[in-house]
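Structure first, commentary second.
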Amino acid sequence: MISLQINGKHHEVDVNPDVPLLWVIREHLQLTGTKFGCGIGMCGACTVHIDGKAERSCQIEAGKLNGKKITTIEGLPENHPVKEAWLKLQVPQCGYCQPGQIMQAAALLSGDPKPSEDKIRQFMNGNLCRCGTYPQIRKAIQLAGKEGGK
Amino acid sequence: MRTAMSRREFLKAAGLTLAVTMTPSGYRILSAAEAGMDEPGAFQPSVWLQVTPDNIVTVVVSKSEMGQGVYTSLPMIVADELEADWKQVRVQAAPAGDGYRDPVWGTQATGGSTSIRHMHEPLRKAGAAAREMLITAAANEWGVPAGECQADLGKVRHPKTKRAMTYGELCLKAAKVPVPENPELKKENQFRYIGSPMPRVDLKEKISGSARFGMDTFVPGMLYAAIARPPAYGAKAISSDQEAAKKVSGVRNIVQLESGIAVCADTLDAAWKGRDSLKVKWGDGQDPGMNTESLERLFLGRLDQEGIKARDDGDATAALNQSARKVDATYLLPFLAHVTMEPMNCTASIADGKCEIWVPTQNQSGVLKTAVKITGLKPEQIQVHTTYLGGGFGRRFELDVVEEAVHLAKAAGKPVKVIWTREEDTQHDFYRPGNCCRIQGGIDDKGNMTAWSHKVVCPSIFARVFPDEVKEGIDPAAVEGISNMEYEIPNLHVEYIRIDTPVPVGFWRSVGSSHNAFTVESFVDELAHAAGVDPLTFRLNHLKKHPRPRRVLEVAAEKAGWGKALTQGDGRGIAMHFSFGSYVAQVAEVSLDRKDGTIKVHRVVCAVDCGHVINPDIVKAQMTGGILMGLSAALKEGMSFSGGGVESSNFHNYDILRMDEAPEVEVHIVESGEDLGGIGEPGVPPIAPAVANALFAVSGIRLRRLPMTPAAVLGAMKKV
């Protein structure tokens, strides 16, 4: 039995502690907004926040997160500037990678509300999108930075 | 998105329900009563539209939403003719069934950039018929002539008496009005939604994280399956430790499948551990010596063979001999994986004489057929739920994962969810075919192309998928974009040599055009430089009788500032290609890091002529997406093979385009008013040659192999 604090709620899950957080979130708790893309931490589809930092949930054993605050896409408020900018600029296409992109972008802006174009490119470089929404993501992050700063 | 409803439930719902069916004399619109009649082989309704008393308009979309926007663009067409308020329109994914077959193909599937092209006319007719029926119902209610009533934003109005009723209020009465045979369609200047950038209906749930992809399916009591697969093509298991797998806590069944050995377990973790415990020993495959290099040699070796003529204008051989200048070039392109961000998956349940399947598929008819074959049930006992697709690109036309899930659900006697890992997804794909070409071109002393002789060596996709489409031995995809090129060349010879390898091939976004645009448009550029003519001017000189390709070239060039000073990068390249009914030209601005060989693409300017536009934002998004996928392939992608199987496995050795490599993209829509063209695929083909041509402009390096990796560039720099 492991215990997890996700989106402000406490969960006790009967699972081997070595199972990656991703699968506990998705298959045990059915918070399916967090996606599986590669299992090796190279695509960013599984990005969540752990104590406010963007982390790849496929690379973290669920049993090692006692006392940590985990936020998934479902826990990011609907009126979060990143989510609003994403909708306004109509970013997603197939949408599968977008929860990961949004979580990564939210983490970027929480540390730097006005990131440079270069910083956006570097910070977002680990989040893959096959549909080619990258240019729109860059614009949405800049917009969210502006709106969030108001 | 509303959850799927069965045809029976749909028909039972009170309201105005319409279907459209294809008949030999055209489309016929049917009422619910007519559509519900069992007429085997007769009228099979393929479009459904329903107006209900809650004032909701539901459009059932028979096409899969994989990011290309069909859940928005198709309902827009209905809403426009219906004069509905966009806010009252809902979308529902169609179940799999004869009633939802594509009216042109006669099968329910999504591909070939055809959704709008095939569905546009019946959808407009359905919307228009419903509008006329609602107007008639209101006119009857008020005792006024129908001609005095107007439909407007979800209401019928009678301006003279200032009366109005909502569609919700009218729908039950409208259902009793005879269906008009030939409803009047709106004129182009009357469109409310068509041509406008309506926001997409699927984005709220995709942003909140609540959108349901195939991977997000849960069925009570379901098991998870993991499959041990052979590492080489044709390899069979010699031994496996099934006892060890059974000892893993949670493992329920071990099932031999055609594709490998499956372990079904209570959790995904147990299924994976069970699969690993099998420790399968595999025999050699059908060709243990096959690797990347051997395949390349095989392809290049075939260029010496004689092929089948796909086009033969004039006498290319004689014209080449007489030409003032000749160019002879050989191109080689790799196999490519689809790499949908959502790996392959499918969930199936068989119980009580019913089979349910949840799958992100582009091929509902195929899913239905597969389930019928495996379960022995009748089509009406099978329900297919099409979820959102986490990317499709042609990969999800295939049925391999569906076969696995249905077989396993049958064997396990419980619902089974099959999830492929990224490694399985990369190594068990139906790849974009590798291919090679030898092209010989001749120019006269005025700088005109007089001869073009093109040999293409390419595996056949159609031989496996649609063998009837292979005419006289020619795979249509292998030569598309070559045999129908519009450049005015008096002597044009195109020859196809089919090559069969153990590597399975399938449809990959833009299919044959994904490789043929590269060879054709690179070679046009080579001839332009040989002739000493500007590459844009050279192309225009050979398109005098072809205004549409001319126009996209001119627009892309003008918007990119062709011939003017560069804003970013060190040089430009241009390319144009026609595919799936649309003309696309692109200009790429690139620079080259001469130290490490990296090509940087700063900006891409794209001009597209897709005839008419339904939603300009979606057109722009699809062009941008196609460009970035094509650029990913051009700069980074190529499958590696070793030991008779696939070597590439995950993003560490098959990486795709990342954020810092993505250029700014500018899309310009050229409205020609011609027939509707596709938009999902035509953005892909021109980018690879545009970048290769820009690289040549910057450095004098002509890369005739893809991908254009830093190592390839550095290798070529040594030779220059």
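Each chain in the structure tokens gets a letter, A, B and so on, in the order shown; residues start at 1 in every chain, and ligands are counted from 1 in the order they appear.
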Write out as a Markdown table a residue-level contact list of chain A versus chain B with cut-off 8 Å: for each qualifying residue the closest pair of atoms and the distance in Å to one decimal, counting only C-alpha atoms, rows sorted by chain and residue number upward.
| residue | atom | partner | partner_atom | distance |
| --- | --- | --- | --- | --- |
| A:Val19 | CA | B:Asp269 | CA | 7.0 |
| A:Arg26 | CA | B:Asp216 | CA | 7.9 |
| A:Gln30 | CA | B:Asp216 | CA | 8.0 |
| A:Thr32 | CA | B:Asp216 | CA | 5.8 |
| A:Gly33 | CA | B:Gly209 | CA | 4.1 |
| A:Thr34 | CA | B:Gly209 | CA | 7.4 |
| A:Phe36 | CA | B:Glu342 | CA | 7.2 |
| A:Gly37 | CA | B:Met341 | CA | 5.8 |
| A:Cys38 | CA | B:Arg422 | CA | 5.1 |
| A:Gly39 | CA | B:Arg422 | CA | 7.3 |
| A:Met42 | CA | B:Phe651 | CA | 6.3 |
| A:Cys43 | CA | B:Phe651 | CA | 7.5 |
| A:Ile73 | CA | B:Gly209 | CA | 5.9 |
| A:Glu74 | CA | B:Gly209 | CA | 6.0 |
| A:Glu78 | CA | B:Ser208 | CA | 6.8 |
| A:Lys83 | CA | B:Ile207 | CA | 6.4 |
| A:Trp86 | CA | B:Ile207 | CA | 7.2 |
| A:Leu87 | CA | B:Leu203 | CA | 6.7 |
| A:Gln90 | CA | B:Leu203 | CA | 7.1 |
| A:Pro92 | CA | B:Leu203 | CA | 6.6 |
| A:Gln93 | CA | B:Gly67 | CA | 4.0 |
| A:Cys94 | CA | B:Gly67 | CA | 3.4 |
| A:Gly95 | CA | B:Lys206 | CA | 5.4 |
| A:Tyr96 | CA | B:Gly390 | CA | 4.9 |
| A:Cys97 | CA | B:Met341 | CA | 6.8 |
| A:Gln98 | CA | B:Ile207 | CA | 6.8 |
| A:Pro99 | CA | B:Gly209 | CA | 6.1 |
| A:Ile102 | CA | B:Ile207 | CA | 7.9 |
| A:Arg121 | CA | B:Asp660 | CA | 4.8 |
| A:Gln122 | CA | B:Asp660 | CA | 6.5 |
| A:Met124 | CA | B:Met659 | CA | 6.3 |
| A:Asn125 | CA | B:Met659 | CA | 4.9 |
| A:Gly126 | CA | B:Arg658 | CA | 7.4 |
| A:Asn127 | CA | B:Arg658 | CA | 7.4 |
| A:Leu128 | CA | B:Arg658 | CA | 6.0 |
| A:Cys129 | CA | B:Met341 | CA | 7.1 |
| A:Arg130 | CA | B:Met341 | CA | 6.4 |
| A:Cys131 | CA | B:Gly625 | CA | 5.1 |
| A:Gly132 | CA | B:Gly625 | CA | 4.2 |
| A:Thr133 | CA | B:Gly625 | CA | 6.6 |
| A:Tyr134 | CA | B:Met659 | CA | 5.8 |
| A:Pro135 | CA | B:Glu664 | CA | 6.1 |
Restricting the output to N, CA and C atoms, write the selected residues as a tab-separated table (two decimals), in the first residue's frame.
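The resulting file, result-v7.tsv, is reproduced below:
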chain	number	residue	atom	x	y	z
A	19	VAL	N	6.18	0.54	-9.07
A	19	VAL	CA	5.42	0.89	-10.28
A	19	VAL	C	5.55	2.39	-10.53
A	26	ARG	N	-2.85	6.80	-13.86
A	26	ARG	CA	-3.74	6.49	-14.99
A	26	ARG	C	-4.62	5.26	-14.76
A	30	GLN	N	-7.39	6.23	-12.38
A	30	GLN	CA	-8.14	6.62	-13.58
A	30	GLN	C	-8.16	8.14	-13.82
A	32	THR	N	-6.92	10.01	-16.25
A	32	THR	CA	-6.31	9.64	-17.53
A	32	THR	C	-5.80	10.81	-18.36
A	33	GLY	N	-5.90	12.02	-17.81
A	33	GLY	CA	-5.35	13.16	-18.55
A	33	GLY	C	-3.85	13.06	-18.71
A	34	THR	N	-3.17	12.42	-17.78
A	34	THR	CA	-1.73	12.21	-17.86
A	34	THR	C	-1.47	11.04	-18.81
A	36	PHE	N	0.66	8.30	-21.48
A	36	PHE	CA	1.83	7.45	-21.72
A	36	PHE	C	2.31	7.68	-23.15
A	37	GLY	N	3.60	7.99	-23.30
A	37	GLY	CA	4.12	8.19	-24.65
A	37	GLY	C	5.33	7.34	-24.95
A	38	CYS	N	6.26	7.20	-23.99
A	38	CYS	CA	7.49	6.48	-24.31
A	38	CYS	C	8.00	5.61	-23.18
A	39	GLY	N	7.72	5.96	-21.93
A	39	GLY	CA	8.19	5.16	-20.81
A	39	GLY	C	9.67	5.35	-20.48
A	42	MET	N	11.43	10.59	-22.44
A	42	MET	CA	11.92	11.37	-23.59
A	42	MET	C	10.85	12.07	-24.40
A	43	CYS	N	9.57	11.97	-23.96
A	43	CYS	CA	8.53	12.62	-24.77
A	43	CYS	C	7.69	13.63	-23.99
A	73	ILE	N	-2.93	17.26	-14.77
A	73	ILE	CA	-3.67	18.19	-15.64
A	73	ILE	C	-5.07	18.46	-15.07
A	74	GLU	N	-5.65	17.44	-14.44
A	74	GLU	CA	-7.01	17.60	-13.88
A	74	GLU	C	-6.98	18.56	-12.69
A	78	GLU	N	-9.21	25.27	-14.35
A	78	GLU	CA	-9.68	25.53	-15.71
A	78	GLU	C	-9.38	26.96	-16.15
A	83	LYS	N	-4.08	27.22	-19.57
A	83	LYS	CA	-5.24	26.54	-20.19
A	83	LYS	C	-6.07	27.54	-21.02
A	86	TRP	N	-4.24	28.32	-24.22
A	86	TRP	CA	-4.31	27.15	-25.12
A	86	TRP	C	-5.64	27.14	-25.89
A	87	LEU	N	-6.71	27.50	-25.17
A	87	LEU	CA	-8.03	27.49	-25.81
A	87	LEU	C	-8.14	28.67	-26.78
A	90	GLN	N	-6.24	28.02	-29.76
A	90	GLN	CA	-6.62	26.75	-30.42
A	90	GLN	C	-5.39	25.87	-30.69
A	92	PRO	N	-4.32	22.64	-29.50
A	92	PRO	CA	-4.25	21.19	-29.76
A	92	PRO	C	-4.74	20.78	-31.14
A	93	GLN	N	-4.18	19.70	-31.62
A	93	GLN	CA	-4.76	19.03	-32.80
A	93	GLN	C	-5.29	17.68	-32.31
A	94	CYS	N	-4.46	16.60	-32.36
A	94	CYS	CA	-4.99	15.34	-31.83
A	94	CYS	C	-5.17	15.45	-30.33
A	95	GLY	N	-4.33	16.25	-29.68
A	95	GLY	CA	-4.51	16.56	-28.26
A	95	GLY	C	-3.81	15.64	-27.29
A	96	TYR	N	-3.24	14.56	-27.78
A	96	TYR	CA	-2.70	13.55	-26.86
A	96	TYR	C	-1.52	14.06	-26.03
A	97	CYS	N	-0.64	14.84	-26.63
A	97	CYS	CA	0.54	15.33	-25.89
A	97	CYS	C	0.23	16.57	-25.08
A	98	GLN	N	-0.96	17.17	-25.30
A	98	GLN	CA	-1.20	18.51	-24.76
A	98	GLN	C	-1.24	18.61	-23.24
A	99	PRO	N	-1.81	17.63	-22.51
A	99	PRO	CA	-1.72	17.75	-21.05
A	99	PRO	C	-0.27	17.88	-20.57
A	102	ILE	N	0.98	21.36	-21.46
A	102	ILE	CA	0.38	22.38	-20.58
A	102	ILE	C	1.06	22.34	-19.20
A	121	ARG	N	11.87	27.66	-25.98
A	121	ARG	CA	12.33	26.56	-26.83
A	121	ARG	C	13.11	25.53	-26.01
A	122	GLN	N	13.96	25.99	-25.12
A	122	GLN	CA	14.76	25.05	-24.34
A	122	GLN	C	13.91	24.30	-23.32
A	124	MET	N	10.78	23.69	-23.26
A	124	MET	CA	9.73	22.83	-23.84
A	124	MET	C	10.32	21.74	-24.75
A	125	ASN	N	11.63	21.65	-24.83
A	125	ASN	CA	12.25	20.77	-25.82
A	125	ASN	C	12.05	19.28	-25.54
A	126	GLY	N	11.72	18.97	-24.31
A	126	GLY	CA	11.52	17.55	-23.96
A	126	GLY	C	10.10	17.07	-24.16
A	127	ASN	N	9.23	17.96	-24.63
A	127	ASN	CA	7.83	17.57	-24.85
A	127	ASN	C	7.55	17.43	-26.34
A	128	LEU	N	7.36	16.19	-26.78
A	128	LEU	CA	7.15	15.95	-28.20
A	128	LEU	C	5.70	16.13	-28.62
A	129	CYS	N	5.53	16.61	-29.86
A	129	CYS	CA	4.21	16.70	-30.46
A	129	CYS	C	4.37	16.24	-31.91
A	130	ARG	N	3.59	15.25	-32.32
A	130	ARG	CA	3.70	14.72	-33.68
A	130	ARG	C	2.82	15.51	-34.65
A	131	CYS	N	1.81	16.20	-34.11
A	131	CYS	CA	0.91	16.96	-34.99
A	131	CYS	C	1.52	18.29	-35.44
A	132	GLY	N	2.60	18.71	-34.78
A	132	GLY	CA	3.23	19.96	-35.19
A	132	GLY	C	2.59	21.20	-34.62
A	133	THR	N	2.24	21.17	-33.33
A	133	THR	CA	1.63	22.35	-32.71
A	133	THR	C	2.67	23.26	-32.07
A	134	TYR	N	3.95	22.96	-32.25
A	134	TYR	CA	5.02	23.74	-31.57
A	134	TYR	C	4.90	25.26	-31.75
A	135	PRO	N	4.73	25.77	-32.98
A	135	PRO	CA	4.68	27.24	-33.11
A	135	PRO	C	3.52	27.84	-32.32
*DSSP says helix (DSSP H, G or I) for which residues of segment 20-103 of chain A? Put them as number ranges by chain?*
A: 21-28, 57-59, 62-64, 73-75, 81-88, 98-103
*asked:* Could you tell me how far atom CA of Gln383 of chain B sits from atom CA of Val57 of chain B, in Å to one decimal place?
replied: 23.6 Å
*Give the strand (DSSP E) residues of segment 101-311 of chain B, as assigned by DSSP on the backbone, as a ChimeraX atom specification.*
/B:150-152,155-158,163-166,223-228,237-239,251-257,260-265,281-282,308-311
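Every protein or nucleic acid residue with an atom no more than 9 Å from Gly52 of chain A, counting only C-alpha atoms and leaving out same-chain residues fewer than 3 positions away, appears here: A:Val48, A:His49, A:Lys69, A:Ile70, A:Thr71, A:Ala107, A:Ser110.
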What does the file look like for those residues with C-alpha atoms, as a compact mmCIF listing (two decimals), in the first residue's frame?
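Wrote it out as selection-v2.txt, contents follow:
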# COMPACT_ATOMS: atom_id res chain seq x y z
CA VAL A 48 2.96 16.22 -13.81
CA HIS A 49 3.98 18.66 -11.09
CA LYS A 69 2.27 17.20 -3.52
CA ILE A 70 1.38 15.92 -6.95
CA THR A 71 -0.65 17.92 -9.46
CA ALA A 107 5.88 25.04 -14.58
CA SER A 110 5.55 29.76 -12.48
*Who sits within 12 Å of Ile50 of chain A, only C-alpha atoms, same chain under 2 positions skipped, as a list in words*: Leu4, Gln5, Ile6, Asn7, Gly8, Leu21, Thr47, Val48, Gly52, Lys53, Ala54, Glu55, Arg56, Ser57, Ile60, Ala62, Lys64, Leu65, Asn66, Gly67, Lys68, Lys69, Ile70, Thr71, Thr72, Gly75, Met103, Gln104 and Ala107 of chain A
*Please provide the set of residues having any atom within 7 Å of segment 583-599 of chain B, restricted to only C-alpha atoms, with same-chain residues fewer than 4 positions apart removed, written as an NGL selection string.*
:B and (549 or 552-553 or 556-557 or 560 or 568-579 or 603-610 or 682-683 or 686-687 or 690-691 or 694-695 or 698 or 710-711 or 713-714)
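Residues with any atom within 6 Å of Gly100 of chain A, counting only C-alpha atoms and excluding same-chain neighbours fewer than 6 positions away, are A:Gly44, A:Ala45, A:Cys46, A:Thr47.
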*So what do you get for atom CA of Trp142 of chain B versus atom CA of Ala175 of chain B, distance-wise?*
16.8 Å
_Taking 2 positions as the minimum chain separation for residues in the same chain, which residues sit within 10 Å of Phe641 of chain B when counting only C-alpha atoms? Answer as a list in words._
Ala232, Gly289, Met290, Asn291, Thr292, Glu293, Ser294, Leu295, Phe335, Gln427, Val503, Gly638, Met639, Gly643, Gly644, Gly645, Val646, Glu647 and Ser648 of chain B
Selection to disk with N, CA and C atoms, as a PDB file, in the first residue's frame:
ATOM      1  N   ALA B 232      12.811 -10.491 -34.977  1.00  0.00           N
ATOM      2  CA  ALA B 232      13.131 -10.498 -36.412  1.00  0.00           C
ATOM      3  C   ALA B 232      11.896 -10.928 -37.181  1.00  0.00           C
ATOM      4  N   GLY B 289      20.261 -11.855 -42.116  1.00  0.00           N
ATOM      5  CA  GLY B 289      21.313 -10.908 -42.495  1.00  0.00           C
ATOM      6  C   GLY B 289      20.783  -9.521 -42.837  1.00  0.00           C
ATOM      7  N   MET B 290      19.473  -9.360 -42.807  1.00  0.00           N
ATOM      8  CA  MET B 290      18.908  -8.069 -43.211  1.00  0.00           C
ATOM      9  C   MET B 290      19.266  -6.967 -42.222  1.00  0.00           C
ATOM     10  N   ASN B 291      19.795  -5.882 -42.728  1.00  0.00           N
ATOM     11  CA  ASN B 291      20.044  -4.700 -41.891  1.00  0.00           C
ATOM     12  C   ASN B 291      19.912  -3.448 -42.760  1.00  0.00           C
ATOM     13  N   THR B 292      20.147  -2.297 -42.160  1.00  0.00           N
ATOM     14  CA  THR B 292      19.939  -1.038 -42.898  1.00  0.00           C
ATOM     15  C   THR B 292      20.750  -1.011 -44.191  1.00  0.00           C
ATOM     16  N   GLU B 293      22.018  -1.404 -44.080  1.00  0.00           N
ATOM     17  CA  GLU B 293      22.904  -1.336 -45.250  1.00  0.00           C
ATOM     18  C   GLU B 293      22.480  -2.338 -46.321  1.00  0.00           C
ATOM     19  N   SER B 294      22.109  -3.555 -45.888  1.00  0.00           N
ATOM     20  CA  SER B 294      21.731  -4.565 -46.893  1.00  0.00           C
ATOM     21  C   SER B 294      20.477  -4.121 -47.637  1.00  0.00           C
ATOM     22  N   LEU B 295      19.568  -3.479 -46.922  1.00  0.00           N
ATOM     23  CA  LEU B 295      18.350  -2.999 -47.578  1.00  0.00           C
ATOM     24  C   LEU B 295      18.689  -1.901 -48.585  1.00  0.00           C
ATOM     25  N   PHE B 335      12.896   3.929 -44.802  1.00  0.00           N
ATOM     26  CA  PHE B 335      11.603   3.568 -44.219  1.00  0.00           C
ATOM     27  C   PHE B 335      11.355   4.513 -43.038  1.00  0.00           C
ATOM     28  N   GLN B 427       8.666  -0.826 -33.438  1.00  0.00           N
ATOM     29  CA  GLN B 427       9.243  -1.998 -34.097  1.00  0.00           C
ATOM     30  C   GLN B 427       8.229  -2.845 -34.860  1.00  0.00           C
ATOM     31  N   VAL B 503      10.072  -6.094 -44.696  1.00  0.00           N
ATOM     32  CA  VAL B 503       9.549  -4.963 -43.924  1.00  0.00           C
ATOM     33  C   VAL B 503       8.146  -4.597 -44.413  1.00  0.00           C
ATOM     34  N   GLY B 638      14.651   7.978 -39.949  1.00  0.00           N
ATOM     35  CA  GLY B 638      14.983   6.869 -40.836  1.00  0.00           C
ATOM     36  C   GLY B 638      15.085   5.624 -39.980  1.00  0.00           C
ATOM     37  N   MET B 639      14.375   4.584 -40.372  1.00  0.00           N
ATOM     38  CA  MET B 639      14.398   3.358 -39.576  1.00  0.00           C
ATOM     39  C   MET B 639      15.739   2.661 -39.714  1.00  0.00           C
ATOM     40  N   GLY B 643      19.932  -7.637 -37.855  1.00  0.00           N
ATOM     41  CA  GLY B 643      19.597  -9.023 -37.506  1.00  0.00           C
ATOM     42  C   GLY B 643      18.269  -9.504 -38.057  1.00  0.00           C
ATOM     43  N   GLY B 644      17.836  -8.954 -39.169  1.00  0.00           N
ATOM     44  CA  GLY B 644      16.587  -9.421 -39.773  1.00  0.00           C
ATOM     45  C   GLY B 644      15.348  -8.776 -39.201  1.00  0.00           C
ATOM     46  N   GLY B 645      15.531  -7.797 -38.322  1.00  0.00           N
ATOM     47  CA  GLY B 645      14.378  -7.112 -37.729  1.00  0.00           C
ATOM     48  C   GLY B 645      14.650  -5.631 -37.565  1.00  0.00           C
ATOM     49  N   VAL B 646      13.829  -4.997 -36.764  1.00  0.00           N
ATOM     50  CA  VAL B 646      13.935  -3.553 -36.582  1.00  0.00           C
ATOM     51  C   VAL B 646      14.841  -3.236 -35.404  1.00  0.00           C
ATOM     52  N   GLU B 647      15.723  -2.278 -35.598  1.00  0.00           N
ATOM     53  CA  GLU B 647      16.639  -1.879 -34.536  1.00  0.00           C
ATOM     54  C   GLU B 647      16.108  -0.652 -33.785  1.00  0.00           C
ATOM     55  N   SER B 648      15.589   0.329 -34.504  1.00  0.00           N
ATOM     56  CA  SER B 648      15.050   1.533 -33.860  1.00  0.00           C
ATOM     57  C   SER B 648      13.980   1.100 -32.861  1.00  0.00           C
TER      58      SER B 648
END
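Between atom CA of Asp352 of chain B and atom CA of Lys63 of chain B the separation is 29.0 Å.
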*Given the choices B:Thr52, B:Ser522, B:Thr161, B:Thr17, which gets closest to Ala35 of chain B if the distance is worked out from only C-alpha atoms?*
B:Thr17
*Residue with smallest distance to Ala226 of chain B - pool B:Leu185, B:Ile116, B:Ala405, B:Ile439, counting only C-alpha atoms*: B:Ala405
